[in-house]
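**Q** The following file, work.cif, comprises mmCIF, C-alpha atoms and all ligand atoms:
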data_entry
#
loop_
_atom_site.label_atom_id
_atom_site.label_comp_id
_atom_site.auth_asym_id
_atom_site.auth_seq_id
_atom_site.Cartn_x
_atom_site.Cartn_y
_atom_site.Cartn_z
CA MET A 1453 -97.23 95.72 81.35
CA SER A 1454 -100.82 94.68 80.67
CA ILE A 1455 -103.73 97.09 80.55
CA LEU A 1456 -106.71 95.93 82.64
CA ILE A 1457 -110.01 96.65 80.95
CA ASP A 1458 -113.27 97.04 82.85
CA PRO A 1459 -115.90 95.43 80.60
CA LYS A 1460 -118.66 97.57 82.06
CA ASP A 1461 -117.48 100.83 80.57
CA ASP A 1462 -116.96 101.72 76.93
CA SER A 1463 -113.28 100.72 76.96
CA LEU A 1464 -114.41 97.48 75.31
CA ASN A 1465 -114.41 99.57 72.11
CA ARG A 1466 -110.62 99.87 72.43
CA VAL A 1467 -110.40 96.10 72.60
CA VAL A 1468 -112.54 95.70 69.49
CA PHE A 1469 -110.38 98.22 67.63
CA CYS A 1470 -107.26 96.31 68.66
CA LEU A 1471 -108.70 92.98 67.45
CA GLU A 1472 -109.78 94.55 64.14
CA LYS A 1473 -106.18 95.67 63.66
CA ASN A 1474 -104.92 92.07 64.15
CA GLY A 1475 -103.99 92.59 67.78
CA ILE A 1476 -104.49 90.02 70.54
CA VAL A 1477 -106.34 90.43 73.84
CA ALA A 1478 -107.06 88.31 76.90
CA PHE A 1479 -110.70 87.85 77.83
CA PRO A 1480 -112.71 85.84 80.37
CA THR A 1481 -114.77 82.79 79.51
CA GLU A 1482 -116.73 80.58 81.91
CA THR A 1483 -113.91 77.99 81.84
CA VAL A 1484 -110.56 79.83 81.91
CA TYR A 1485 -109.24 83.10 80.45
CA GLY A 1486 -108.47 82.99 76.72
CA LEU A 1487 -105.88 84.81 74.64
CA GLY A 1488 -107.89 85.82 71.60
CA GLY A 1489 -107.27 87.04 68.08
CA ASN A 1490 -109.09 87.20 64.74
CA ALA A 1491 -109.50 83.57 63.61
CA TYR A 1492 -109.32 84.68 59.98
CA SER A 1493 -106.02 86.55 60.33
CA ASP A 1494 -102.64 84.81 59.99
CA VAL A 1495 -101.01 87.86 61.58
CA ALA A 1496 -103.18 87.73 64.70
CA VAL A 1497 -102.83 83.95 65.03
CA ALA A 1498 -99.05 84.10 64.73
CA LYS A 1499 -99.02 86.64 67.58
CA ILE A 1500 -100.95 84.22 69.81
CA TYR A 1501 -98.51 81.35 69.24
CA LYS A 1502 -95.56 83.65 69.87
CA ALA A 1503 -97.01 85.15 73.05
CA LYS A 1504 -97.67 81.69 74.51
CA ASN A 1505 -94.50 80.00 73.19
CA ARG A 1506 -96.92 77.44 71.82
CA PRO A 1507 -95.76 74.75 69.37
CA SER A 1508 -97.27 75.55 65.96
CA VAL A 1509 -98.53 71.95 65.60
CA ASN A 1510 -101.04 72.53 68.40
CA PRO A 1511 -104.29 73.92 66.90
CA LEU A 1512 -106.60 76.52 68.47
CA ILE A 1513 -110.30 76.61 69.31
CA ALA A 1514 -112.50 79.13 67.44
CA HIS A 1515 -115.06 80.96 69.61
CA TYR A 1516 -118.40 82.17 68.22
CA LYS A 1517 -121.21 84.32 69.58
CA SER A 1518 -123.95 81.74 68.98
CA ALA A 1519 -124.47 78.07 68.17
CA SER A 1520 -126.08 78.84 64.83
CA VAL A 1521 -123.05 80.84 63.68
CA ALA A 1522 -120.58 78.33 65.15
CA LEU A 1523 -122.14 75.42 63.29
CA SER A 1524 -122.69 77.17 59.96
CA LYS A 1525 -119.84 79.57 59.30
CA ASP A 1526 -116.68 77.46 59.03
CA VAL A 1527 -117.61 73.81 59.67
CA ILE A 1528 -119.86 71.09 58.30
CA SER A 1529 -122.37 70.31 61.02
CA ASN A 1530 -124.28 67.09 61.65
CA GLU A 1531 -127.19 65.85 63.74
CA ILE A 1532 -125.09 64.90 66.78
CA ALA A 1533 -123.37 68.29 66.78
CA GLU A 1534 -126.76 70.06 66.64
CA LYS A 1535 -128.04 67.96 69.52
CA LEU A 1536 -125.00 68.60 71.70
CA ALA A 1537 -125.06 72.31 70.84
CA GLU A 1538 -128.72 72.56 71.77
CA ASN A 1539 -128.00 71.04 75.18
CA PHE A 1540 -124.62 72.47 76.12
CA TRP A 1541 -124.12 75.77 74.27
CA PRO A 1542 -123.43 78.34 75.38
CA GLY A 1543 -121.23 76.37 77.75
CA PRO A 1544 -117.96 74.55 78.46
CA MET A 1545 -118.00 72.25 75.43
CA THR A 1546 -115.89 72.30 72.26
CA LEU A 1547 -116.88 70.36 69.14
CA VAL A 1548 -114.38 69.19 66.54
CA LEU A 1549 -115.91 69.12 63.05
CA VAL A 1550 -114.68 69.02 59.46
CA GLN A 1551 -114.14 72.49 57.99
CA ASN A 1552 -116.38 73.54 55.12
CA HIS A 1553 -115.06 74.92 51.84
CA ASN A 1554 -116.05 78.45 52.90
CA SER A 1555 -113.93 78.30 56.03
CA LYS A 1556 -111.77 81.39 56.33
CA VAL A 1557 -110.01 80.20 59.47
CA SER A 1558 -106.27 80.69 59.27
CA ASN A 1559 -104.31 77.51 58.47
CA LEU A 1560 -101.94 78.48 61.25
CA ALA A 1561 -104.80 78.25 63.76
CA THR A 1562 -105.78 74.74 62.65
CA ALA A 1563 -102.16 73.60 62.30
CA GLY A 1564 -103.14 72.55 58.77
CA LEU A 1565 -105.81 70.07 59.95
CA LYS A 1566 -108.99 69.55 57.93
CA THR A 1567 -110.99 69.79 61.15
CA LEU A 1568 -111.76 72.82 63.32
CA ALA A 1569 -112.58 72.98 67.03
CA VAL A 1570 -115.53 75.34 67.68
CA ARG A 1571 -117.08 76.61 70.88
CA VAL A 1572 -119.70 79.09 72.18
CA PRO A 1573 -118.65 80.36 75.62
CA LYS A 1574 -121.16 81.03 78.39
CA ASN A 1575 -119.78 84.25 79.78
CA GLU A 1576 -121.47 87.63 79.47
CA VAL A 1577 -118.27 89.51 78.68
CA ALA A 1578 -117.09 86.97 76.12
CA HIS A 1579 -120.51 87.02 74.49
CA LYS A 1580 -120.60 90.82 74.39
CA LEU A 1581 -117.14 90.95 72.84
CA LEU A 1582 -117.90 88.27 70.22
CA SER A 1583 -121.13 90.10 69.33
CA MET A 1584 -119.18 93.29 68.63
CA LEU A 1585 -116.91 91.53 66.11
CA GLU A 1586 -117.36 90.51 62.48
CA PHE A 1587 -115.15 87.45 62.96
CA PRO A 1588 -114.72 84.58 65.44
CA LEU A 1589 -111.88 84.62 67.94
CA VAL A 1590 -109.39 81.80 68.16
CA ALA A 1591 -108.30 81.60 71.76
CA PRO A 1592 -106.09 79.17 73.61
CA SER A 1593 -106.03 79.38 77.39
CA ALA A 1594 -104.29 82.61 78.41
CA ASN A 1595 -101.15 81.16 79.97
CA LYS A 1596 -97.65 80.37 78.78
CA SER A 1597 -97.42 76.99 77.06
CA THR A 1598 -97.10 74.15 79.65
CA SER A 1599 -98.05 76.40 82.63
CA LEU A 1600 -101.23 76.36 84.66
CA SER A 1601 -104.34 77.80 82.98
CA ASN A 1602 -105.55 81.06 84.48
CA THR A 1603 -108.92 81.83 86.05
CA THR A 1604 -108.30 85.45 87.08
CA ALA A 1605 -107.28 88.57 85.16
CA GLU A 1606 -104.46 89.20 87.68
CA ALA A 1607 -102.91 85.79 86.95
CA VAL A 1608 -103.09 86.49 83.20
CA CYS A 1609 -101.35 89.87 83.66
CA SER A 1610 -98.59 88.25 85.65
CA ASP A 1611 -98.01 85.50 83.02
CA PHE A 1612 -97.84 87.98 80.15
CA SER A 1613 -95.90 90.77 81.82
CA ASP A 1614 -93.42 90.43 78.93
CA ILE A 1615 -95.99 91.68 76.43
CA GLU A 1616 -96.29 95.39 76.24
CA ASP A 1617 -99.75 96.94 76.49
CA LEU A 1618 -101.68 93.66 76.33
CA PHE A 1619 -105.37 94.34 76.96
CA VAL A 1620 -106.71 92.00 79.64
CA ILE A 1621 -110.47 92.24 80.13
CA ASP A 1622 -111.26 91.73 83.79
CA GLY A 1623 -114.33 89.56 84.16
CA GLY A 1624 -113.55 88.35 87.67
CA MET A 1625 -112.87 84.72 88.48
CA CYS A 1626 -114.05 82.17 85.90
CA ASN A 1627 -117.12 80.24 86.94
CA VAL A 1628 -116.33 76.69 85.85
CA GLY A 1629 -112.56 76.84 86.38
CA VAL A 1630 -111.46 73.96 84.12
CA GLU A 1631 -111.30 74.07 80.33
CA SER A 1632 -114.05 72.95 77.98
CA THR A 1633 -114.67 69.28 77.26
CA ILE A 1634 -113.51 68.61 73.70
CA ILE A 1635 -115.62 66.15 71.70
CA ASP A 1636 -114.69 64.99 68.22
CA VAL A 1637 -117.98 64.66 66.33
CA SER A 1638 -116.42 64.83 62.87
CA ILE A 1639 -117.24 61.12 62.44
CA PRO A 1640 -120.76 60.76 63.92
CA GLU A 1641 -120.35 56.96 64.28
CA LYS A 1642 -117.32 57.41 66.49
CA ILE A 1643 -117.90 60.24 68.93
CA THR A 1644 -114.75 60.66 70.99
CA ILE A 1645 -113.85 62.73 74.02
CA LEU A 1646 -110.47 64.30 73.31
CA ARG A 1647 -110.17 66.26 76.56
CA TYR A 1648 -112.06 66.03 79.82
CA GLY A 1649 -113.47 69.34 81.01
CA GLY A 1650 -116.49 71.26 82.24
CA ILE A 1651 -119.14 68.88 80.85
CA ALA A 1652 -119.03 65.35 82.21
CA GLN A 1653 -118.95 62.26 80.00
CA GLU A 1654 -122.27 60.98 81.46
CA GLN A 1655 -124.01 64.21 80.46
CA ILE A 1656 -122.77 63.82 76.89
CA GLU A 1657 -123.77 60.17 76.70
CA ASP A 1658 -127.25 61.02 78.00
CA VAL A 1659 -127.74 63.48 75.16
CA CYS A 1660 -126.15 61.37 72.43
CA GLY A 1661 -127.87 58.19 73.56
CA VAL A 1662 -124.73 56.17 72.78
CA LYS A 1663 -121.61 55.15 74.65
CA ILE A 1664 -118.75 57.46 73.91
CA PHE A 1665 -115.22 56.39 73.16
CA LYS A 1666 -112.87 57.42 75.94
CA HIS A 1667 -109.34 56.95 77.10
CA GLU A 1668 -109.01 54.88 80.22
CA ASN A 1669 -105.56 55.44 81.59
CA SER A 1670 -102.49 57.58 81.79
CA ASN A 1671 -100.93 55.79 78.83
CA MET A 1672 -103.71 57.03 76.62
CA LYS A 1673 -102.82 57.75 73.06
CA PRO A 1674 -103.45 61.45 72.60
CA ILE A 1675 -105.77 62.55 69.83
CA ALA A 1676 -106.12 66.25 70.57
CA PRO A 1677 -102.64 67.34 69.53
CA GLY A 1678 -102.33 69.48 72.66
CA MET A 1679 -102.86 66.49 74.94
CA MET A 1680 -99.49 65.03 74.15
CA PHE A 1681 -97.64 68.04 75.48
CA LYS A 1682 -96.51 68.65 79.01
CA HIS A 1683 -99.25 70.60 80.79
CA TYR A 1684 -99.92 72.62 83.87
CA ALA A 1685 -96.36 72.26 85.11
CA PRO A 1686 -96.10 74.05 88.47
CA LYS A 1687 -92.65 75.08 89.70
CA HIS A 1688 -92.93 72.73 92.65
CA GLU A 1689 -93.13 68.97 92.49
CA LEU A 1690 -96.74 67.91 92.87
CA PHE A 1691 -97.90 64.66 94.48
CA ILE A 1692 -101.41 63.31 93.98
CA ASP A 1693 -103.65 61.11 96.18
CA GLN A 1694 -101.94 62.17 99.41
CA ASP A 1695 -103.32 61.99 102.95
CA ASP A 1696 -100.23 63.21 104.74
CA CYS A 1697 -97.46 65.75 104.34
CA ASP A 1698 -94.39 67.24 106.01
CA SER A 1699 -94.11 70.58 107.73
CA ASP A 1700 -92.37 72.19 104.77
CA ASP A 1701 -95.02 71.00 102.25
CA ALA A 1702 -98.13 72.75 100.97
CA PHE A 1703 -101.33 70.68 101.15
CA LEU A 1704 -104.37 70.97 98.87
CA ASP A 1705 -107.30 69.21 100.48
CA PHE A 1706 -110.72 68.20 99.21
CA GLY A 1707 -113.79 67.93 101.43
CA SER A 1708 -111.86 68.78 104.63
CA LYS A 1709 -110.80 65.13 104.78
CA ASN A 1710 -107.33 65.99 106.06
CA LEU A 1711 -108.18 68.97 108.21
CA HIS A 1712 -105.58 67.92 110.80
CA LEU A 1713 -102.88 68.83 108.27
CA LYS A 1714 -103.84 72.49 108.66
CA ASN A 1715 -101.55 72.49 111.69
CA VAL A 1716 -98.84 70.47 109.98
CA ALA A 1717 -98.45 71.86 106.45
CA LYS A 1718 -96.67 75.08 105.67
CA MET A 1719 -99.79 76.16 103.82
CA TYR A 1720 -103.16 74.42 103.66
CA LEU A 1721 -106.02 75.11 101.25
CA ASP A 1722 -109.22 73.16 100.57
CA LEU A 1723 -110.63 72.91 97.03
CA SER A 1724 -114.08 72.47 98.52
CA PRO A 1725 -114.69 72.05 102.25
CA ALA A 1726 -118.26 71.06 101.27
CA ASN A 1727 -116.95 68.17 99.14
CA ASP A 1728 -118.46 69.69 95.99
CA LEU A 1729 -116.68 68.77 92.75
CA TYR A 1730 -117.95 71.86 90.90
CA GLU A 1731 -116.56 74.12 93.62
CA ALA A 1732 -113.30 72.17 93.45
CA ALA A 1733 -113.05 72.71 89.68
CA HIS A 1734 -113.79 76.41 90.15
CA ASN A 1735 -110.93 76.75 92.67
CA LEU A 1736 -108.42 74.35 91.14
CA PHE A 1737 -106.10 76.53 89.04
CA ASN A 1738 -106.28 79.51 91.38
CA MET A 1739 -105.36 77.45 94.44
CA LEU A 1740 -102.59 75.59 92.63
CA ARG A 1741 -101.22 78.94 91.58
CA ILE A 1742 -101.34 80.30 95.16
CA LEU A 1743 -99.59 77.21 96.57
CA ASP A 1744 -97.02 77.25 93.77
CA GLY A 1745 -96.15 80.82 94.77
CA GLU A 1746 -95.26 79.64 98.29
CA GLU A 1747 -91.82 78.74 99.53
CA CYS A 1748 -92.42 75.03 100.12
CA ALA A 1749 -90.81 71.66 99.42
CA ARG A 1750 -93.69 69.99 97.57
CA ILE A 1751 -97.38 70.42 96.82
CA CYS A 1752 -99.44 67.46 98.06
CA VAL A 1753 -103.00 67.00 96.80
CA ALA A 1754 -105.71 64.90 98.49
CA PRO A 1755 -107.61 62.23 96.51
CA ILE A 1756 -110.51 63.61 94.49
CA GLU A 1757 -113.49 61.50 93.55
CA ASN A 1758 -113.07 60.35 89.95
CA VAL A 1759 -116.65 60.86 88.75
CA GLY A 1760 -118.36 63.59 86.72
CA ILE A 1761 -116.27 66.74 86.56
CA GLY A 1762 -113.88 65.02 89.01
CA ILE A 1763 -112.47 63.14 86.00
CA ALA A 1764 -111.40 66.47 84.46
CA ILE A 1765 -109.94 67.66 87.78
CA ASN A 1766 -107.93 64.46 88.18
CA ASP A 1767 -106.72 64.67 84.60
CA LYS A 1768 -105.38 68.21 85.22
CA ILE A 1769 -103.64 67.36 88.49
CA LYS A 1770 -102.14 64.16 87.04
CA ARG A 1771 -100.69 66.24 84.24
CA ALA A 1772 -99.44 68.80 86.77
CA SER A 1773 -97.72 65.96 88.63
CA GLY A 1774 -96.00 64.81 85.45
CA LYS A 1775 -97.96 61.52 85.39
CA ILE A 1776 -99.38 62.24 81.92
CA GLY A 1777 -98.00 64.23 78.99
CA ARG A 1778 -94.44 64.58 77.83
CA VAL A 1779 -92.99 67.26 75.61
O1 LIG A 1801 -112.11 76.16 77.80
C1 LIG A 1801 -111.40 76.21 76.80
O2 LIG A 1801 -111.48 75.39 75.86
C2 LIG A 1801 -110.36 77.35 76.75
C3 LIG A 1801 -111.13 78.67 76.63
C4 LIG A 1801 -110.22 79.85 76.48
O3 LIG A 1801 -112.04 78.60 75.59
N1 LIG A 1801 -109.45 77.17 75.64
C5 LIG A 1801 -108.49 76.20 75.64
O4 LIG A 1801 -107.66 76.23 74.54
O5 LIG A 1801 -108.36 75.40 76.54
P1 LIG A 1801 -106.24 75.48 74.49
O6 LIG A 1801 -105.63 75.96 73.22
O7 LIG A 1801 -105.52 75.71 75.72
O8 LIG A 1801 -106.63 73.98 74.30
C6 LIG A 1801 -107.22 73.57 73.08
C7 LIG A 1801 -107.03 72.10 72.86
C8 LIG A 1801 -105.61 71.70 72.52
O9 LIG A 1801 -105.28 70.52 73.24
C9 LIG A 1801 -105.66 71.40 71.03
O10 LIG A 1801 -104.75 70.43 70.63
C10 LIG A 1801 -107.09 70.92 70.86
O11 LIG A 1801 -107.82 71.76 71.71
N2 LIG A 1801 -107.59 71.12 69.48
C11 LIG A 1801 -107.77 72.29 68.83
N3 LIG A 1801 -108.21 72.08 67.58
C12 LIG A 1801 -108.31 70.74 67.41
C13 LIG A 1801 -108.71 69.89 66.34
N4 LIG A 1801 -109.07 70.37 65.16
N5 LIG A 1801 -108.69 68.54 66.56
C14 LIG A 1801 -108.32 68.04 67.76
N6 LIG A 1801 -107.94 68.80 68.82
C15 LIG A 1801 -107.93 70.13 68.64
MG MG A 1802 -104.33 75.39 77.35
#
As structure tokens - that is how I would like this structure written.
Ligand code: TXA
Ligand code: MG

**A**
Amino acid sequence: MSILIDPKDDSLNRVVFCLEKNGIVAFPTETVYGLGGNAYSDVAVAKIYKAKNRPSVNPLIAHYKSASVALSKDVISNEIAEKLAENFWPGPMTLVLVQNHNSKVSNLATAGLKTLAVRVPKNEVAHKLLSMLEFPLVAPSANKSTSLSNTTAEAVCSDFSDIEDLFVIDGGMCNVGVESTIIDVSIPEKITILRYGGIAQEQIEDVCGVKIFKHENSNMKPIAPGMMFKHYAPKHELFIDQDDCDSDDAFLDFGSKNLHLKNVAKMYLDLSPANDLYEAAHNLFNMLRILDGEECARICVAPIENVGIGIAINDKIKRASGKIGRV
């Protein structure tokens, strides 16, 4: 059983104590909930991999309280990284940089890579927690490996019911709803998006002033080790780009475009009746989770505009449908 922590009272001190003793805790960020532990502790990091059933070749993101600490403590920064940090931190962006010789980050957390993924979350609770600690937190999304990411504390508790006395800080539903955009800036001449997420490619290109390398299709060669794995696998079969369904299906609409299916589908939800991609991202994992909990034949998802944050949404649902990513 998990222990829900209210971040408003002083029980956050219990969480800090646990982390200082190499324990792991789940905490909210603006993207999805993370399962955090001391980035400098092999013991804590090993607990994270075990709790998630995560392959040890898949490295973790280190979370810092501020951009200045994130770019100075464990990595070698550069001009592009500073520029991106200035514009998007705190926020849903992760930068991959080469580790510096002072880096104390556990080799388990980086899967032995010379690079490290760093991020400064934009969430009051996450910021408060990181400010109370003497070390950064490595934190993958707080879900079992290959399952849907979680955007509520309740969903995290249910995924990790096998872990006794896991502290789960309840920060309500995550704002952004999809994970951070991961950008490899370790070679400034070849800035590459490794994972689509909360910051859109156009926003990054505007700041960098250069075109960014991206992957065009579902046969993309994965660069972020985690991208090659099966992801977001719901229990039910999921079909994308649908405008119809049967009476025993669940339907996930976008922009009320298939409202008539409300009377056809076994269950009908709309990611954003107002046709707003940010609202759709915010609702995505929670609604998929609700529909996946239903007794239905399949989950059908309406087409979602493939621009801006829509690219990240489509990437997630394609992976959930088994169209990208194999174990
Ligand atoms: O929004 C997020 O990024 C959330 C919250 C909790 O911060 N975290 C998250 O972590 O999504 P995770 O572990 O679920 O995904 C991290 C991804 C993986 O695909 C991993 O392979 C990649 O980041 N990654 C980590 N370190 C890397 C590195 N040095 N080079 C390339 N990819 C890296
Ligand atoms: Mg994840």

**Q** Would you please work out which residue, of A:Ser1520, A:Ser1638, A:Ser1583, A:Thr1546, is nearest to Leu1464 in chain A when using all atoms listed in the file?

**A**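 The closest residue to Leu1464 in chain A is A:Ser1583.
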
**Q** Using only C-alpha atoms and all ligand atoms, find each protein or nucleic acid residue lying at most 7 Å from ligand MG 1802 (chain A); present the set as number ranges by chain.

**A** A: 1592-1593, 1601

**Q** Grab the CA of Glu1654 in chain A to CA of Glu1576 in chain A distance for me, in Å with one decimal place.

**A**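 It comes out at 26.7 Å.
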
**Q** As a quick test: using only C-alpha atoms and all ligand atoms, which residues lie no more than 7 Å away from ligand LIG 1801 (chain A)? Give them as a PDB file with C-alpha atoms, in the frame of the given file.

**A**
ATOM      1  CA  THR A1481    -114.770  82.790  79.510  1.00  0.00           C
ATOM      2  CA  THR A1483    -113.910  77.990  81.840  1.00  0.00           C
ATOM      3  CA  VAL A1484    -110.560  79.830  81.910  1.00  0.00           C
ATOM      4  CA  TYR A1485    -109.240  83.100  80.450  1.00  0.00           C
ATOM      5  CA  GLY A1486    -108.470  82.990  76.720  1.00  0.00           C
ATOM      6  CA  LEU A1487    -105.880  84.810  74.640  1.00  0.00           C
ATOM      7  CA  ASN A1510    -101.040  72.530  68.400  1.00  0.00           C
ATOM      8  CA  PRO A1511    -104.290  73.920  66.900  1.00  0.00           C
ATOM      9  CA  LEU A1512    -106.600  76.520  68.470  1.00  0.00           C
ATOM     10  CA  ILE A1513    -110.300  76.610  69.310  1.00  0.00           C
ATOM     11  CA  PRO A1544    -117.960  74.550  78.460  1.00  0.00           C
ATOM     12  CA  THR A1546    -115.890  72.300  72.260  1.00  0.00           C
ATOM     13  CA  VAL A1548    -114.380  69.190  66.540  1.00  0.00           C
ATOM     14  CA  THR A1562    -105.780  74.740  62.650  1.00  0.00           C
ATOM     15  CA  LEU A1565    -105.810  70.070  59.950  1.00  0.00           C
ATOM     16  CA  THR A1567    -110.990  69.790  61.150  1.00  0.00           C
ATOM     17  CA  LEU A1568    -111.760  72.820  63.320  1.00  0.00           C
ATOM     18  CA  ALA A1569    -112.580  72.980  67.030  1.00  0.00           C
ATOM     19  CA  PRO A1573    -118.650  80.360  75.620  1.00  0.00           C
ATOM     20  CA  ALA A1591    -108.300  81.600  71.760  1.00  0.00           C
ATOM     21  CA  PRO A1592    -106.090  79.170  73.610  1.00  0.00           C
ATOM     22  CA  SER A1593    -106.030  79.380  77.390  1.00  0.00           C
ATOM     23  CA  ALA A1594    -104.290  82.610  78.410  1.00  0.00           C
ATOM     24  CA  VAL A1630    -111.460  73.960  84.120  1.00  0.00           C
ATOM     25  CA  GLU A1631    -111.300  74.070  80.330  1.00  0.00           C
ATOM     26  CA  SER A1632    -114.050  72.950  77.980  1.00  0.00           C
ATOM     27  CA  ILE A1634    -113.510  68.610  73.700  1.00  0.00           C
ATOM     28  CA  LEU A1646    -110.470  64.300  73.310  1.00  0.00           C
ATOM     29  CA  ILE A1675    -105.770  62.550  69.830  1.00  0.00           C
ATOM     30  CA  ALA A1676    -106.120  66.250  70.570  1.00  0.00           C
ATOM     31  CA  PRO A1677    -102.640  67.340  69.530  1.00  0.00           C
ATOM     32  CA  GLY A1678    -102.330  69.480  72.660  1.00  0.00           C
ATOM     33  CA  MET A1679    -102.860  66.490  74.940  1.00  0.00           C
TER      34      MET A1679
END

**Q** Given all atoms listed in the file, how would the per-residue table for range 1498-1602 of chain A near range 1765-1770 of chain A read, listing every residue at most 12 Å away with its closest atom pair and distance in Å to one decimal, sorted by chain and number, as a Markdown table?

**A**
| residue | atom | partner | partner_atom | distance |
| --- | --- | --- | --- | --- |
| A:Thr1598 | CA | A:Lys1768 | CA | 11.6 |
| A:Ser1599 | CA | A:Lys1768 | CA | 11.3 |
| A:Leu1600 | CA | A:Lys1768 | CA | 9.2 |
| A:Ser1601 | CA | A:Lys1768 | CA | 9.9 |

**Q** Those residues with C-alpha atoms, as a compact mmCIF listing (two decimals), in the frame of the given file please?

**A**
# COMPACT_ATOMS: atom_id res chain seq x y z
CA THR A 1598 -97.10 74.15 79.65
CA SER A 1599 -98.05 76.40 82.63
CA LEU A 1600 -101.23 76.36 84.66
CA SER A 1601 -104.34 77.80 82.98

**Q** Can you tell me which residues surround Leu1523 in chain A at a distance of at most 9 Å, considering all atoms listed in the file, apart from same-chain residues fewer than 2 positions away, and format the answer as a list in words?

**A**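 The residues that qualify are Ser1518, Ala1519, Ser1520, Val1521, Lys1525, Asp1526, Val1527, Ile1528, Ser1529, Asn1530, Ala1533, Glu1534, Ala1537, Leu1549 and Val1570 of chain A.
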
**Q** For the point (-104.0, 87.8, 80.8) in file coordinates, what residues are within 7 Å, counting all atoms listed in the file? Give the answer as a ChimeraX atom specification?

**A** /A:1478,1594,1605,1607-1609,1611-1612,1620

**Q** Let me see the file: selected residues, C-alpha atoms, as a PDB file, in the coordinates of the input.

**A**
ATOM      1  CA  ALA A1478    -107.060  88.310  76.900  1.00  0.00           C
ATOM      2  CA  ALA A1594    -104.290  82.610  78.410  1.00  0.00           C
ATOM      3  CA  ALA A1605    -107.280  88.570  85.160  1.00  0.00           C
ATOM      4  CA  ALA A1607    -102.910  85.790  86.950  1.00  0.00           C
ATOM      5  CA  VAL A1608    -103.090  86.490  83.200  1.00  0.00           C
ATOM      6  CA  CYS A1609    -101.350  89.870  83.660  1.00  0.00           C
ATOM      7  CA  ASP A1611     -98.010  85.500  83.020  1.00  0.00           C
ATOM      8  CA  PHE A1612     -97.840  87.980  80.150  1.00  0.00           C
ATOM      9  CA  VAL A1620    -106.710  92.000  79.640  1.00  0.00           C
TER      10      VAL A1620
END

**Q** Record the distance separating CA of Lys1517 in chain A and CA of Thr1644 in chain A, expressed in Å with one decimal.

**A**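 That distance, rounded to one decimal, is 24.6 Å.
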
**Q** So that I can see what lies close to Ser1773 in chain A, please list as a ChimeraX atom specification the residues with an atom at most 9 Å from it, counting only C-alpha atoms and leaving out residues fewer than 5 positions away in the same chain.

**A** /A:1684-1686,1689-1692,1768

**Q** To one decimal place, how far is CA of Thr1633 in chain A from CA of His1579 in chain A in Å?

**A**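 Interatomic distance here is 18.9 Å.
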
**Q** Using all atoms listed in the file, which residue out of A:Ser1558, A:Ser1699, A:Ser1463, A:Gln1653 lies closest to Cys1752 in chain A?

**A**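 Among the listed residues, A:Ser1699 lies closest to Cys1752 in chain A.
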
**Q** Pick out the closest residue to Leu1743 in chain A from this set: A:Leu1560, A:Val1637, A:Leu1704, A:Ala1726. Count all atoms listed in the file.

**A**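 Result for the nearest residue to Leu1743 in chain A: A:Leu1704.
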
**Q** Tell me, as a VMD selection string, which residues lie within 10 Å of range 1470-1472 of chain A, counting only C-alpha atoms; anything in the same chain fewer than 2 positions away does not count.

**A** chain A and resid 1464 to 1468 1474 to 1477 1488 to 1490 1493 1496 1585 to 1587 1589 1618 to 1619

**Q** If I put a ball of radius 9 Å at (-116.2, 72.8, 85.2) in the file's coordinates, which residues poke into it when counting only C-alpha atoms, written as a PyMOL selection string?

**A** chain A and resi 1482-1483+1544+1627-1633+1649-1652+1729-1734+1761-1762+1764-1765

**Q** Please report, as AutoDock Vina command-line options, the centre and edge lengths in Å to one decimal of an axis-aligned box covering all listed atoms of range 1488-1503 of chain A with 8 Å per side.

**A**
--center_x -102.5 --center_y 84.6 --center_z 66.5 --size_x 29.9 --size_y 22.5 --size_z 29.1

**Q** Residues near Pro1507 in chain A, anyone? I mean within 10 Å using only C-alpha atoms, not counting same-chain ones fewer than 2 positions away, as JSON, numbers by chain.

**A** {"A": [1501, 1502, 1504, 1505, 1509, 1510, 1511, 1563, 1597, 1678, 1681]}

**Q** Check the smallest atom-to-atom distance from each of A:Leu1581, A:Gly1760, A:Phe1665, A:Gln1694 to Phe1469 in chain A using all atoms listed in the file, then report the winner.

**A**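 Smallest distance to Phe1469 in chain A is found for A:Leu1581.
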
**Q** Using all atoms listed in the file, pick whichever of A:Ala1578, A:Cys1626, A:Ala1717, A:Met1680 has the shortest atom-to-atom distance to Asp1705 in chain A.

**A**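 The closest residue to Asp1705 in chain A is A:Ala1717.
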